[in-house]
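A.B. asks: Pasting structure.txt below, which is compact mmCIF, C-alpha atoms.
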```txt
# COMPACT_ATOMS: atom_id res chain seq x y z
CA MET A 1400 71.22 -151.68 110.44
CA SER A 1401 72.55 -149.18 107.96
CA TYR A 1402 75.49 -147.16 109.22
CA ASP A 1403 75.73 -144.78 106.36
CA ARG A 1404 72.85 -142.41 107.02
CA ALA A 1405 74.09 -140.39 109.95
CA ILE A 1406 77.50 -138.77 109.78
CA THR A 1407 77.96 -139.11 113.52
CA VAL A 1408 77.77 -142.90 113.51
CA PHE A 1409 80.75 -145.22 113.03
CA SER A 1410 80.24 -148.49 111.22
CA PRO A 1411 81.36 -151.71 112.98
CA ASP A 1412 84.54 -151.81 110.93
CA GLY A 1413 85.49 -148.26 111.77
CA HIS A 1414 84.25 -146.35 108.71
CA LEU A 1415 82.48 -143.06 108.58
CA PHE A 1416 80.49 -143.85 105.51
CA GLN A 1417 79.39 -140.28 104.83
CA VAL A 1418 83.03 -139.22 104.65
CA ASP A 1419 83.79 -142.08 102.27
CA TYR A 1420 80.86 -141.07 100.10
CA ALA A 1421 82.07 -137.47 100.14
CA GLN A 1422 85.38 -138.74 98.81
CA GLU A 1423 83.44 -140.42 96.01
CA ALA A 1424 81.93 -137.04 95.16
CA VAL A 1425 85.46 -135.65 94.95
CA LYS A 1426 86.45 -138.38 92.51
CA LYS A 1427 83.72 -137.17 90.21
CA GLY A 1428 85.09 -133.62 90.08
CA SER A 1429 87.40 -132.41 87.33
CA THR A 1430 91.10 -133.04 87.83
CA ALA A 1431 93.36 -130.56 89.56
CA VAL A 1432 97.14 -130.88 89.81
CA GLY A 1433 99.65 -129.02 91.94
CA VAL A 1434 103.46 -128.89 91.74
CA ARG A 1435 105.80 -127.25 94.22
CA GLY A 1436 108.95 -125.92 92.58
CA LYS A 1437 111.87 -124.22 94.27
CA ASN A 1438 110.89 -120.70 93.23
CA VAL A 1439 107.45 -121.15 91.77
CA VAL A 1440 104.27 -123.00 92.76
CA VAL A 1441 101.83 -124.16 90.10
CA LEU A 1442 98.18 -125.21 90.12
CA GLY A 1443 96.47 -126.57 87.03
CA VAL A 1444 92.86 -127.62 86.57
CA GLU A 1445 90.94 -129.39 83.87
CA LYS A 1446 88.43 -126.97 82.44
CA LYS A 1447 85.09 -128.66 82.02
CA SER A 1448 83.58 -127.99 78.64
CA VAL A 1449 80.94 -125.28 78.89
CA ALA A 1450 77.64 -124.96 77.12
CA LYS A 1451 77.66 -122.78 74.00
CA LEU A 1452 75.85 -119.86 75.58
CA GLN A 1453 77.73 -120.00 78.88
CA ASP A 1454 80.44 -117.45 79.63
CA ASP A 1455 83.39 -119.61 80.56
CA ARG A 1456 85.15 -116.83 82.49
CA THR A 1457 82.70 -117.35 85.32
CA VAL A 1458 83.79 -120.92 85.94
CA ARG A 1459 86.81 -120.26 88.10
CA LYS A 1460 88.29 -123.22 89.89
CA ILE A 1461 91.45 -121.58 91.10
CA CYS A 1462 90.84 -118.99 93.81
CA SER A 1463 93.30 -116.78 95.63
CA LEU A 1464 92.93 -116.79 99.41
CA ASP A 1465 95.40 -113.98 100.11
CA ASN A 1466 98.24 -112.25 98.28
CA HIS A 1467 100.56 -115.19 98.92
CA VAL A 1468 98.25 -118.24 98.97
CA PHE A 1469 95.85 -119.70 96.45
CA MET A 1470 93.99 -122.96 95.98
CA ALA A 1471 92.22 -125.25 93.56
CA PHE A 1472 89.59 -127.84 94.45
CA ALA A 1473 87.87 -130.93 93.10
CA GLY A 1474 84.29 -131.83 93.94
CA LEU A 1475 81.17 -129.82 94.73
CA THR A 1476 81.73 -126.25 93.54
CA ALA A 1477 79.12 -124.83 95.89
CA ASP A 1478 80.82 -126.39 98.92
CA ALA A 1479 84.14 -124.99 97.75
CA ARG A 1480 82.74 -121.46 97.63
CA ILE A 1481 81.93 -121.64 101.36
CA ILE A 1482 85.38 -122.95 102.28
CA VAL A 1483 87.14 -120.35 100.12
CA ASN A 1484 85.13 -117.55 101.72
CA ARG A 1485 85.86 -118.70 105.26
CA ALA A 1486 89.54 -119.11 104.43
CA ARG A 1487 89.73 -115.60 102.93
CA VAL A 1488 88.21 -114.09 106.07
CA GLU A 1489 90.59 -116.09 108.25
CA CYS A 1490 93.61 -114.89 106.25
CA GLN A 1491 92.64 -111.29 106.94
CA SER A 1492 91.76 -112.03 110.55
CA HIS A 1493 95.21 -113.52 111.06
CA ARG A 1494 96.80 -110.40 109.59
CA LEU A 1495 94.71 -108.21 111.84
CA THR A 1496 95.44 -110.00 115.10
CA VAL A 1497 99.13 -110.90 114.69
CA GLU A 1498 100.13 -108.34 112.01
CA ASP A 1499 101.71 -111.01 109.83
CA PRO A 1500 100.44 -112.97 106.82
CA ALA A 1501 99.26 -116.48 107.66
CA THR A 1502 101.56 -119.34 106.71
CA VAL A 1503 100.29 -121.78 104.09
CA GLU A 1504 100.22 -124.48 106.76
CA TYR A 1505 98.13 -122.33 109.08
CA ILE A 1506 95.44 -121.69 106.53
CA THR A 1507 95.49 -125.35 105.45
CA ARG A 1508 95.05 -126.36 109.07
CA TYR A 1509 92.17 -123.91 109.41
CA ILE A 1510 90.40 -125.28 106.33
CA SER A 1511 90.96 -128.85 107.52
CA SER A 1512 89.55 -128.01 110.96
CA ILE A 1513 86.36 -126.70 109.38
CA LYS A 1514 86.06 -129.86 107.30
CA GLN A 1515 86.63 -132.08 110.34
CA ARG A 1516 84.07 -130.18 112.38
CA TYR A 1517 81.46 -131.01 109.77
CA THR A 1518 82.26 -134.73 110.12
CA GLN A 1519 81.41 -134.62 113.79
CA SER A 1520 78.30 -132.42 113.86
CA ASN A 1521 74.72 -133.47 113.98
CA GLY A 1522 72.50 -132.52 111.11
CA ARG A 1523 75.32 -131.56 108.77
CA ARG A 1524 77.15 -133.39 106.06
CA PRO A 1525 80.86 -133.30 105.21
CA PHE A 1526 82.17 -130.91 102.55
CA GLY A 1527 82.39 -132.71 99.22
CA ILE A 1528 85.73 -131.24 98.18
CA SER A 1529 89.41 -131.95 98.30
CA SER A 1530 91.66 -128.97 97.86
CA LEU A 1531 95.21 -128.23 96.80
CA ILE A 1532 96.59 -125.21 98.61
CA VAL A 1533 99.82 -123.56 97.46
CA GLY A 1534 101.78 -120.50 98.34
CA PHE A 1535 104.89 -119.01 99.90
CA ASP A 1536 105.35 -118.29 103.59
CA PHE A 1537 106.75 -114.89 104.53
CA ASP A 1538 110.19 -116.48 104.92
CA GLY A 1539 110.06 -117.49 101.26
CA THR A 1540 109.49 -121.26 101.64
CA PRO A 1541 107.12 -122.69 99.01
CA HIS A 1542 104.41 -125.16 100.10
CA LEU A 1543 101.82 -127.45 98.59
CA TYR A 1544 99.18 -129.02 100.81
CA GLN A 1545 96.25 -131.29 100.08
CA THR A 1546 93.10 -131.51 102.20
CA ASP A 1547 90.25 -134.00 101.88
CA PRO A 1548 86.65 -134.30 103.16
CA SER A 1549 87.73 -136.12 106.32
CA GLY A 1550 89.71 -133.10 107.45
CA THR A 1551 93.20 -134.54 107.12
CA TYR A 1552 95.95 -132.65 105.34
CA HIS A 1553 99.40 -133.50 104.11
CA ALA A 1554 102.24 -131.64 102.44
CA TRP A 1555 103.25 -132.79 98.98
CA LYS A 1556 105.89 -132.07 96.37
CA ALA A 1557 103.35 -132.71 93.63
CA ASN A 1558 99.84 -134.15 93.73
CA ALA A 1559 96.56 -134.46 91.91
CA ILE A 1560 92.91 -134.66 92.98
CA GLY A 1561 89.60 -135.35 91.29
CA ARG A 1562 88.82 -137.53 88.32
CA SER A 1563 91.80 -139.62 87.13
CA ALA A 1564 93.85 -138.41 90.09
CA LYS A 1565 95.48 -141.84 90.34
CA THR A 1566 96.71 -141.72 86.75
CA VAL A 1567 98.05 -138.21 87.14
CA ARG A 1568 99.75 -139.03 90.44
CA GLU A 1569 101.46 -142.04 88.89
CA PHE A 1570 102.67 -139.81 86.05
CA LEU A 1571 104.00 -137.31 88.56
CA GLU A 1572 105.77 -140.02 90.56
CA LYS A 1573 107.44 -141.25 87.38
CA ASN A 1574 108.41 -137.87 86.01
CA TYR A 1575 109.09 -135.68 89.06
CA LYS A 1576 112.79 -134.82 89.20
CA GLU A 1577 114.19 -132.78 92.06
CA GLU A 1578 116.67 -130.95 89.75
CA ASP A 1579 113.85 -129.89 87.41
CA MET A 1580 112.18 -128.01 90.24
CA GLU A 1581 115.03 -125.47 90.20
CA SER A 1582 113.70 -124.19 86.88
CA ASP A 1583 110.38 -122.34 86.80
CA THR A 1584 109.71 -123.44 83.22
CA ASP A 1585 110.27 -127.13 84.01
CA THR A 1586 108.02 -126.96 87.06
CA ILE A 1587 105.23 -125.42 84.99
CA LYS A 1588 105.82 -127.93 82.20
CA LEU A 1589 105.51 -130.85 84.62
CA ALA A 1590 102.09 -129.62 85.75
CA ILE A 1591 100.91 -129.19 82.16
CA ARG A 1592 102.30 -132.55 81.06
CA ALA A 1593 100.54 -134.24 83.97
CA LEU A 1594 97.22 -132.66 83.03
CA LEU A 1595 97.64 -133.41 79.34
CA GLU A 1596 97.65 -137.12 80.26
CA VAL A 1597 94.00 -136.99 81.20
CA VAL A 1598 92.52 -133.93 79.55
CA GLN A 1599 90.80 -134.24 76.20
CA SER A 1600 91.86 -132.00 73.29
CA GLY A 1601 94.99 -130.57 74.89
CA GLY A 1602 95.79 -127.03 75.97
CA LYS A 1603 92.34 -125.61 75.35
CA ASN A 1604 90.92 -127.40 78.36
CA ILE A 1605 93.60 -126.43 80.85
CA GLU A 1606 93.53 -123.51 83.27
CA LEU A 1607 96.84 -122.76 84.96
CA ALA A 1608 97.88 -120.43 87.75
CA ILE A 1609 101.43 -119.82 88.96
CA MET A 1610 102.97 -117.84 91.77
CA LYS A 1611 106.62 -116.90 91.97
CA ARG A 1612 108.19 -115.93 95.29
CA ASP A 1613 107.26 -112.35 96.31
CA GLU A 1614 104.91 -111.97 93.35
CA SER A 1615 101.15 -112.24 93.18
CA MET A 1616 99.27 -115.13 91.60
CA LYS A 1617 99.19 -115.08 87.83
CA ILE A 1618 96.61 -116.93 85.77
CA LEU A 1619 98.16 -117.84 82.42
CA VAL A 1620 96.31 -116.78 79.28
CA GLN A 1621 95.44 -119.33 76.64
CA GLU A 1622 98.36 -118.27 74.38
CA GLU A 1623 100.93 -118.84 77.11
CA ILE A 1624 99.52 -122.30 77.83
CA GLU A 1625 99.62 -123.12 74.11
CA GLU A 1626 103.30 -122.08 74.02
CA TYR A 1627 104.14 -124.54 76.77
CA VAL A 1628 102.05 -127.27 75.15
CA THR A 1629 103.85 -126.78 71.81
CA ALA A 1630 107.23 -126.90 73.57
CA ILE A 1631 106.19 -130.10 75.37
CA GLU A 1632 105.04 -131.73 72.15
CA THR A 1633 108.30 -130.82 70.40
CA GLU A 1634 110.30 -132.34 73.26
CA LYS A 1635 108.12 -135.44 73.16
CA GLU A 1636 108.74 -135.87 69.43
CA LYS A 1637 112.49 -135.44 69.93
CA ALA A 1638 112.46 -138.08 72.67
CA GLU A 1639 110.51 -140.50 70.47
CA LYS A 1640 112.98 -139.99 67.60
CA GLN A 1641 115.88 -140.65 70.01
CA LYS A 1642 114.20 -143.84 71.14
CA LYS A 1643 113.69 -144.99 67.55
CA LYS A 1644 117.33 -144.39 66.72
CA THR A 1645 118.78 -146.38 69.64
CA MET B 534 95.02 -87.35 128.45
CA PHE B 535 95.71 -89.48 125.42
CA ASN B 536 98.05 -89.32 122.50
CA THR B 537 96.70 -87.11 119.80
CA PRO B 538 98.34 -86.61 116.49
CA ASP B 539 96.74 -83.20 116.16
CA HIS B 540 98.85 -81.73 113.52
CA HIS B 541 98.82 -81.11 109.92
CA LEU B 542 98.05 -83.36 107.02
CA GLY B 543 96.76 -83.15 103.50
CA GLY B 544 96.09 -84.86 100.19
CA VAL B 545 96.50 -83.28 96.74
CA THR B 546 95.80 -84.67 93.27
CA PHE B 547 98.02 -83.86 90.32
CA ASN B 548 98.21 -84.91 86.72
CA GLY B 549 98.56 -88.68 86.94
CA GLY B 550 98.69 -89.20 90.68
CA VAL B 551 98.10 -88.00 94.17
CA ILE B 552 100.36 -86.86 97.01
CA ILE B 553 99.42 -87.40 100.62
CA GLY B 554 101.50 -85.79 103.33
CA SER B 555 101.71 -85.23 107.05
CA ASP B 556 104.01 -84.16 109.85
CA SER B 557 105.31 -86.59 112.45
CA ARG B 558 104.52 -85.18 115.86
CA ALA B 559 102.26 -86.79 118.45
CA SER B 560 101.57 -84.91 121.65
CA ILE B 561 99.72 -85.28 124.92
CA GLY B 562 97.54 -82.30 125.70
CA GLY B 563 99.65 -80.01 123.55
CA TYR B 564 102.31 -79.86 126.27
CA TYR B 565 104.38 -83.00 125.91
CA VAL B 566 105.68 -84.34 122.63
CA SER B 567 105.19 -88.06 122.96
CA SER B 568 106.71 -88.88 119.58
CA LYS B 569 108.77 -86.86 117.10
CA THR B 570 108.73 -89.49 114.41
CA ILE B 571 105.30 -90.98 114.25
CA ASN B 572 103.99 -92.30 110.93
CA LYS B 573 100.53 -91.02 110.19
CA LEU B 574 100.41 -92.29 106.61
CA ILE B 575 99.01 -95.81 106.75
CA GLN B 576 98.90 -97.98 103.66
CA VAL B 577 95.53 -99.73 103.44
CA HIS B 578 96.14 -101.26 100.03
CA ASP B 579 98.68 -101.28 97.19
CA ARG B 580 97.68 -97.87 95.83
CA ILE B 581 95.62 -96.46 98.70
CA PHE B 582 96.97 -94.55 101.69
CA CYS B 583 95.23 -93.07 104.64
CA CYS B 584 96.26 -90.14 106.81
CA ILE B 585 95.11 -90.37 110.42
CA ALA B 586 93.94 -87.55 112.67
CA GLY B 587 92.42 -87.39 116.12
CA SER B 588 93.01 -90.00 118.79
CA LEU B 589 95.95 -92.17 117.77
CA ALA B 590 94.54 -95.30 119.38
CA ASP B 591 91.17 -94.90 117.69
CA ALA B 592 92.74 -94.13 114.32
CA GLN B 593 95.03 -97.16 114.45
CA ALA B 594 92.17 -99.47 115.41
CA VAL B 595 89.97 -98.15 112.62
CA THR B 596 92.66 -98.33 109.93
CA LYS B 597 93.53 -101.89 110.92
CA ALA B 598 89.90 -102.98 110.69
CA ALA B 599 89.58 -101.11 107.40
CA LYS B 600 92.71 -102.79 106.02
CA PHE B 601 91.15 -106.19 106.83
CA GLN B 602 87.90 -105.35 105.08
CA ILE B 603 89.54 -103.75 102.04
CA SER B 604 91.96 -106.67 101.52
CA PHE B 605 89.13 -109.17 101.84
CA HIS B 606 86.99 -107.17 99.41
CA SER B 607 89.85 -106.95 96.94
CA ILE B 608 90.62 -110.69 97.06
CA GLN B 609 86.96 -111.59 96.73
CA MET B 610 86.45 -109.27 93.74
CA GLU B 611 89.77 -110.43 92.26
CA SER B 612 90.79 -106.86 91.44
CA PRO B 613 92.37 -103.87 93.21
CA PRO B 614 89.87 -101.90 95.31
CA LEU B 615 88.52 -98.50 94.32
CA VAL B 616 89.72 -95.56 96.43
CA LYS B 617 86.06 -94.72 97.01
CA ALA B 618 85.47 -98.21 98.39
CA ALA B 619 88.34 -97.82 100.83
CA ALA B 620 87.07 -94.42 101.94
CA SER B 621 83.57 -95.86 102.34
CA VAL B 622 84.84 -98.65 104.57
CA LEU B 623 86.47 -96.05 106.82
CA ARG B 624 83.31 -93.98 106.75
CA GLU B 625 81.14 -96.92 107.81
CA LEU B 626 83.44 -97.62 110.75
CA CYS B 627 83.48 -93.95 111.80
CA TYR B 628 79.74 -93.42 111.42
CA ASN B 629 78.57 -96.62 113.09
CA ASN B 630 80.88 -96.08 116.06
CA LYS B 631 80.67 -92.34 116.27
CA GLU B 632 79.84 -92.43 120.01
CA GLU B 633 83.08 -94.18 120.93
CA LEU B 634 85.52 -92.96 118.30
CA GLN B 635 87.37 -89.72 117.79
CA ALA B 636 89.24 -90.18 114.52
CA GLY B 637 89.17 -88.60 111.09
CA PHE B 638 90.95 -89.58 107.89
CA ILE B 639 92.15 -88.34 104.57
CA THR B 640 92.14 -91.18 102.07
CA ALA B 641 94.16 -90.77 98.90
CA GLY B 642 94.98 -93.20 96.15
CA TRP B 643 94.86 -94.26 92.55
CA ASP B 644 92.47 -96.71 90.90
CA ARG B 645 91.78 -97.70 87.34
CA LYS B 646 88.26 -96.31 87.23
CA LYS B 647 88.73 -92.70 88.30
CA GLY B 648 92.49 -92.29 88.54
CA PRO B 649 93.90 -90.18 91.39
CA GLN B 650 91.40 -89.22 94.11
CA VAL B 651 91.29 -87.67 97.56
CA TYR B 652 88.49 -88.29 100.07
CA THR B 653 87.91 -86.76 103.47
CA VAL B 654 86.25 -88.84 106.18
CA ALA B 655 85.29 -86.50 108.99
CA LEU B 656 84.86 -87.32 112.68
CA GLY B 657 81.17 -88.19 112.61
CA GLY B 658 81.40 -90.15 109.40
CA MET B 659 80.94 -87.65 106.58
CA LEU B 660 82.53 -88.67 103.28
CA LEU B 661 83.56 -86.00 100.81
CA SER B 662 85.50 -86.17 97.57
CA GLN B 663 87.74 -83.22 96.76
CA PRO B 664 90.63 -82.46 94.39
CA PHE B 665 92.69 -81.57 97.43
CA THR B 666 92.12 -81.26 101.13
CA ILE B 667 93.92 -80.27 104.31
CA GLY B 668 93.17 -81.26 107.88
CA GLY B 669 94.39 -81.35 111.43
CA SER B 670 95.10 -78.52 113.83
CA GLY B 671 97.90 -77.10 111.67
CA SER B 672 95.61 -76.81 108.66
CA THR B 673 93.97 -73.63 109.99
CA TYR B 674 97.21 -71.73 109.36
CA ILE B 675 97.43 -72.65 105.71
CA TYR B 676 93.92 -72.39 104.28
CA GLY B 677 94.92 -69.15 102.62
CA TYR B 678 98.09 -70.60 101.18
CA ALA B 679 96.37 -73.74 99.93
CA ASP B 680 93.44 -71.91 98.35
CA ALA B 681 95.74 -69.43 96.63
CA LYS B 682 98.43 -71.80 95.43
CA TYR B 683 96.49 -74.89 94.38
CA LYS B 684 95.84 -75.32 90.71
CA PRO B 685 94.33 -78.37 89.01
CA ASP B 686 96.48 -80.56 86.74
CA MET B 687 99.84 -79.73 88.31
CA SER B 688 102.91 -81.75 87.42
CA LYS B 689 104.37 -84.13 90.00
CA GLU B 690 107.21 -81.71 90.86
CA GLU B 691 104.87 -78.71 91.23
CA CYS B 692 102.59 -80.78 93.43
CA LEU B 693 105.48 -81.99 95.61
CA GLN B 694 106.59 -78.39 96.06
CA PHE B 695 103.05 -77.32 96.93
CA ALA B 696 102.63 -80.09 99.50
CA THR B 697 106.08 -79.54 101.03
CA ASN B 698 105.53 -75.79 101.35
CA ALA B 699 102.10 -76.30 102.89
CA LEU B 700 103.46 -78.75 105.47
CA ALA B 701 106.42 -76.51 106.26
CA LEU B 702 104.22 -73.45 106.78
CA ALA B 703 101.80 -75.33 109.03
CA MET B 704 104.57 -76.96 111.05
CA GLY B 705 106.19 -73.56 111.43
CA ARG B 706 103.20 -71.95 113.12
CA ASP B 707 101.37 -74.79 114.88
CA ASN B 708 102.88 -75.91 118.18
CA VAL B 709 101.43 -79.41 117.99
CA SER B 710 102.77 -80.03 114.50
CA GLY B 711 106.42 -80.74 113.80
CA GLY B 712 109.14 -83.30 113.30
CA VAL B 713 109.73 -84.49 109.76
CA ALA B 714 107.51 -84.15 106.71
CA HIS B 715 106.27 -87.46 105.34
CA LEU B 716 105.06 -87.45 101.76
CA VAL B 717 103.80 -90.36 99.70
CA VAL B 718 103.40 -90.05 95.93
CA ILE B 719 100.90 -92.56 94.51
CA THR B 720 100.63 -93.17 90.77
CA GLU B 721 99.54 -96.02 88.55
CA GLU B 722 103.17 -97.19 88.41
CA GLY B 723 103.72 -97.35 92.14
CA VAL B 724 104.23 -95.70 95.48
CA GLU B 725 107.13 -93.42 96.44
CA HIS B 726 107.92 -92.29 100.00
CA VAL B 727 109.62 -88.94 100.46
CA VAL B 728 110.82 -87.99 103.93
CA ILE B 729 112.07 -84.46 104.55
CA PRO B 730 113.77 -83.86 107.91
CA GLY B 731 112.82 -80.68 109.75
CA ASP B 732 116.01 -78.83 108.92
CA LYS B 733 115.70 -79.54 105.19
CA LEU B 734 112.20 -78.10 104.89
CA PRO B 735 111.77 -74.90 102.88
CA LYS B 736 112.34 -71.81 105.01
CA PHE B 737 110.08 -68.80 104.88
CA HIS B 738 110.10 -65.28 106.25
CA ASP B 739 111.36 -65.00 109.79
CA GLU B 740 113.04 -68.42 109.98
```
Please re-express this file's structure in structure tokens.
C.D. replies:
Amino acid sequence: MSYDRAITVFSPDGHLFQVDYAQEAVKKGSTAVGVRGKNVVVLGVEKKSVAKLQDDRTVRKICSLDNHVFMAFAGLTADARIIVNRARVECQSHRLTVEDPATVEYITRYISSIKQRYTQSNGRRPFGISSLIVGFDFDGTPHLYQTDPSGTYHAWKANAIGRSAKTVREFLEKNYKEEDMESDTDTIKLAIRALLEVVQSGGKNIELAIMKRDESMKILVQEEIEEYVTAIETEKEKAEKQKKKT
Amino acid sequence: MFNTPDHHLGGVTFNGGVIIGSDSRASIGGYYVSSKTINKLIQVHDRIFCCIAGSLADAQAVTKAAKFQISFHSIQMESPPLVKAAASVLRELCYNNKEELQAGFITAGWDRKKGPQVYTVALGGMLLSQPFTIGGSGSTYIYGYADAKYKPDMSKEECLQFATNALALAMGRDNVSGGVAHLVVITEEGVEHVVIPGDKLPKFHDE
């Protein structure tokens, strides 16, 4: 008997196949990377190449949920739109009922609860997205959370989702340095360097958004990204030369 | 009997911005002053303020719901909301619930499309755009002053003087208006609060 048709059926070895398949859909989405610095949080996404006649401003993979929280996703864009909308409403609802902005953890938990509900309902399928949610709580603490189609969430210092997530995560594990996170520039550079590992043709295919404490989300323009990329390449060349000398 | 901030309030545009002002008295039945320092200028978005009139409870509930809708709209559209949009949200709430509510608003703010604007949202849900407007019980005493002294394209200082004088005159004659004068100056650059205690207000004849 096939156990993968209905979401509400466990397989004999304890799998929810529909959730696993949803995770496969996520692995097909374009890469997104998130880094939590001390005073800045960064989200970067791989920009898929657009058709010649398509206006690439309309392909936005980084969405703000409130003044202090924003997210990027990997997977089915249409599913993400629904989650983003619900999360935006919930952010405002939280402000209305308790007169305080929602913490990043609260909104992550809310999004995860929606995703979990869809893994236990008849006639529905799970959401085919994983998301990276970043922001600052009102006490100034920065956060980075990752959610996946099963409805679990975890906090991370740096993470990646989507296509080539494994490669990017390994790069982050190798190159993440706690001291670097004190500097905004180094935090941003780490995110860009991680994306450059897997993105074709460099800075042109990267979209980056940052948020500093008590400021609103800023999406970097192409020129600013190019500046960082040039700086990274110069540093790389210097490091190679050092290696050759020793 | 319920708390009513019947009083005086107003919004005035000037060259480059808008000033919204009110007094700070809330009373019950015009006999008992329930608060001398109430804030009637509610910020509904970064460059949009709203002055409340009528039943305090109703006005607070409406502005909170409006703040929710305007913030959501702004985040969804990924740009600051238009003043007209904010005023419309308030109007929808007032009109659709006109049986239960007793609250009116003056919405003032700055947006990139039309610059400084002032909108009145009346009790039943009428929306009107004006270069300046006054409202509340105290406003009846200063229609003459406002009509005579307002001129379009004032400087910020002239406008501040106009608004302060208008508030002072209304608070001087209306028994349910008083306390301090709250003024908020909204421009493209930002928002500035000016608070003038009762004894520092301009004095006129017979004071």
A.B. asks: I need the contact residues of chain A against chain B, so if you could list those with any atom within 9 Å, counting all atoms listed in the file, and return them as a ChimeraX atom specification, that would help.
C.D. replies: /A:1462-1466,1484,1487-1488,1490-1492,1494-1495
A.B. asks: Identify, on the basis of all atoms listed in the file, every residue whose closest approach to Ile571 of chain B does not exceed 10 Å; exclude the query and any residue fewer than 5 positions from it along the same chain; express the result as a PyMOL selection string.
C.D. replies: chain B and resi 538+555-559+712-713+715
A.B. asks: Selected residues, C-alpha atoms, written as an mmCIF file, in the frame of the given file, please.
C.D. replies:
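Everything below was put into part-v3.cif:
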```cif
data_model
loop_
_atom_site.group_PDB
_atom_site.id
_atom_site.type_symbol
_atom_site.label_atom_id
_atom_site.label_comp_id
_atom_site.auth_asym_id
_atom_site.auth_seq_id
_atom_site.Cartn_x
_atom_site.Cartn_y
_atom_site.Cartn_z
ATOM 1 C CA PRO B 538 98.340 -86.610 116.490
ATOM 2 C CA SER B 555 101.710 -85.230 107.050
ATOM 3 C CA ASP B 556 104.010 -84.160 109.850
ATOM 4 C CA SER B 557 105.310 -86.590 112.450
ATOM 5 C CA ARG B 558 104.520 -85.180 115.860
ATOM 6 C CA ALA B 559 102.260 -86.790 118.450
ATOM 7 C CA GLY B 712 109.140 -83.300 113.300
ATOM 8 C CA VAL B 713 109.730 -84.490 109.760
ATOM 9 C CA HIS B 715 106.270 -87.460 105.340
#
```
A.B. asks: Show which residues sit within 12 Å of Arg1480 of chain A, as a VMD selection string. Count all atoms listed in the file, and ignore same-chain residues fewer than 4 positions away.
C.D. replies: (chain A and resid 1458 to 1464 1470 to 1476 1484 to 1487 1526 to 1528 1530) or (chain B and resid 609)
A.B. asks: For Ala1559 of chain A, list every protein, DNA or RNA residue within 7 Å, evaluated using all atoms listed in the file, and leave out those in the same chain fewer than 4 positions away; present the list as number ranges by chain.
C.D. replies: A: 1430-1433, 1564, 1567-1568
A.B. asks: Determine, counting all atoms listed in the file, which protein, DNA and RNA residues have an atom within 8 Å of an atom of Val577 of chain B; residues of the same chain fewer than 2 positions away are not included. Present the result as a ChimeraX atom specification.
C.D. replies: /B:575,579,581-583,596,599-600,603,619
A.B. asks: Can you pull out every residue within 10 Å of Asn630 of chain B, counting all atoms listed in the file, but drop anything in the same chain fewer than 6 positions away, and send it as a PyMOL selection string?
C.D. replies: chain B and resi 595+624+657-658
A.B. asks: Rank B:Val727, B:Ala655, B:Gly705, B:Lys684 by their smallest atom-to-atom distance to Tyr628 of chain B, using all atoms listed in the file, and report the top residue only.
C.D. replies: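 Residue with the minimum atom-to-atom distance to Tyr628 of chain B: B:Ala655.
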A.B. asks: Up to 12 Å from (82.3, -89.0, 109.7) in the file's coordinates: name the residues, counting all atoms listed in the file, as a VMD selection string.
C.D. replies: chain B and resid 620 to 632 634 to 639 652 to 661
A.B. asks: Take atom CA of Asp680 of chain B and atom CA of Phe695 of chain B and report the distance between them in Å, one decimal.
C.D. replies: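 Going from atom CA of Asp680 of chain B over to atom CA of Phe695 of chain B, I get 11.1 Å.
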A.B. asks: Using atom CA of Gln694 of chain B and atom CA of Pro735 of chain B as the two end points, give the distance in Å to one decimal.
C.D. replies: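 These two atoms are separated by 9.2 Å.
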A.B. asks: Using the file's own x, y and z axes, what box holds all listed atoms of segment 570-582 of chain B with 6 Å on each side, keeping edges along x, y and z, and what are its centre and edge lengths in Å to one decimal, as JSON?
C.D. replies:
```
{"center_x": 102.1, "center_y": -95.4, "center_z": 105.1, "size_x": 25.2, "size_y": 23.8, "size_z": 30.6}
```
A.B. asks: Find the residue from A:Pro1500, A:Gly1601, A:Gly1436, A:Gly1539 that sits nearest to Ser1582 of chain A; use all atoms listed in the file when measuring.
C.D. replies: A:Gly1436
A.B. asks: Would you mind writing segment 586-592 of chain B with N, CA and C atoms, as an mmCIF file, in the frame of the given file?
C.D. replies:
```cif
data_model
loop_
_atom_site.group_PDB
_atom_site.id
_atom_site.type_symbol
_atom_site.label_atom_id
_atom_site.label_comp_id
_atom_site.auth_asym_id
_atom_site.auth_seq_id
_atom_site.Cartn_x
_atom_site.Cartn_y
_atom_site.Cartn_z
ATOM 1 N N ALA B 586 94.026 -88.740 111.816
ATOM 2 C CA ALA B 586 93.940 -87.550 112.670
ATOM 3 C C ALA B 586 93.025 -87.864 113.831
ATOM 4 N N GLY B 587 93.265 -87.175 114.959
ATOM 5 C CA GLY B 587 92.420 -87.390 116.120
ATOM 6 C C GLY B 587 93.140 -88.277 117.120
ATOM 7 N N SER B 588 92.398 -89.111 117.796
ATOM 8 C CA SER B 588 93.010 -90.000 118.790
ATOM 9 C C SER B 588 93.801 -91.076 118.074
ATOM 10 N N LEU B 589 95.076 -91.221 118.454
ATOM 11 C CA LEU B 589 95.950 -92.170 117.770
ATOM 12 C C LEU B 589 95.450 -93.604 117.921
ATOM 13 N N ALA B 590 95.002 -93.930 119.130
ATOM 14 C CA ALA B 590 94.540 -95.300 119.380
ATOM 15 C C ALA B 590 93.332 -95.621 118.512
ATOM 16 N N ASP B 591 92.367 -94.675 118.494
ATOM 17 C CA ASP B 591 91.170 -94.900 117.690
ATOM 18 C C ASP B 591 91.519 -95.027 116.213
ATOM 19 N N ALA B 592 92.393 -94.126 115.746
ATOM 20 C CA ALA B 592 92.740 -94.130 114.320
ATOM 21 C C ALA B 592 93.437 -95.426 113.935
#
```
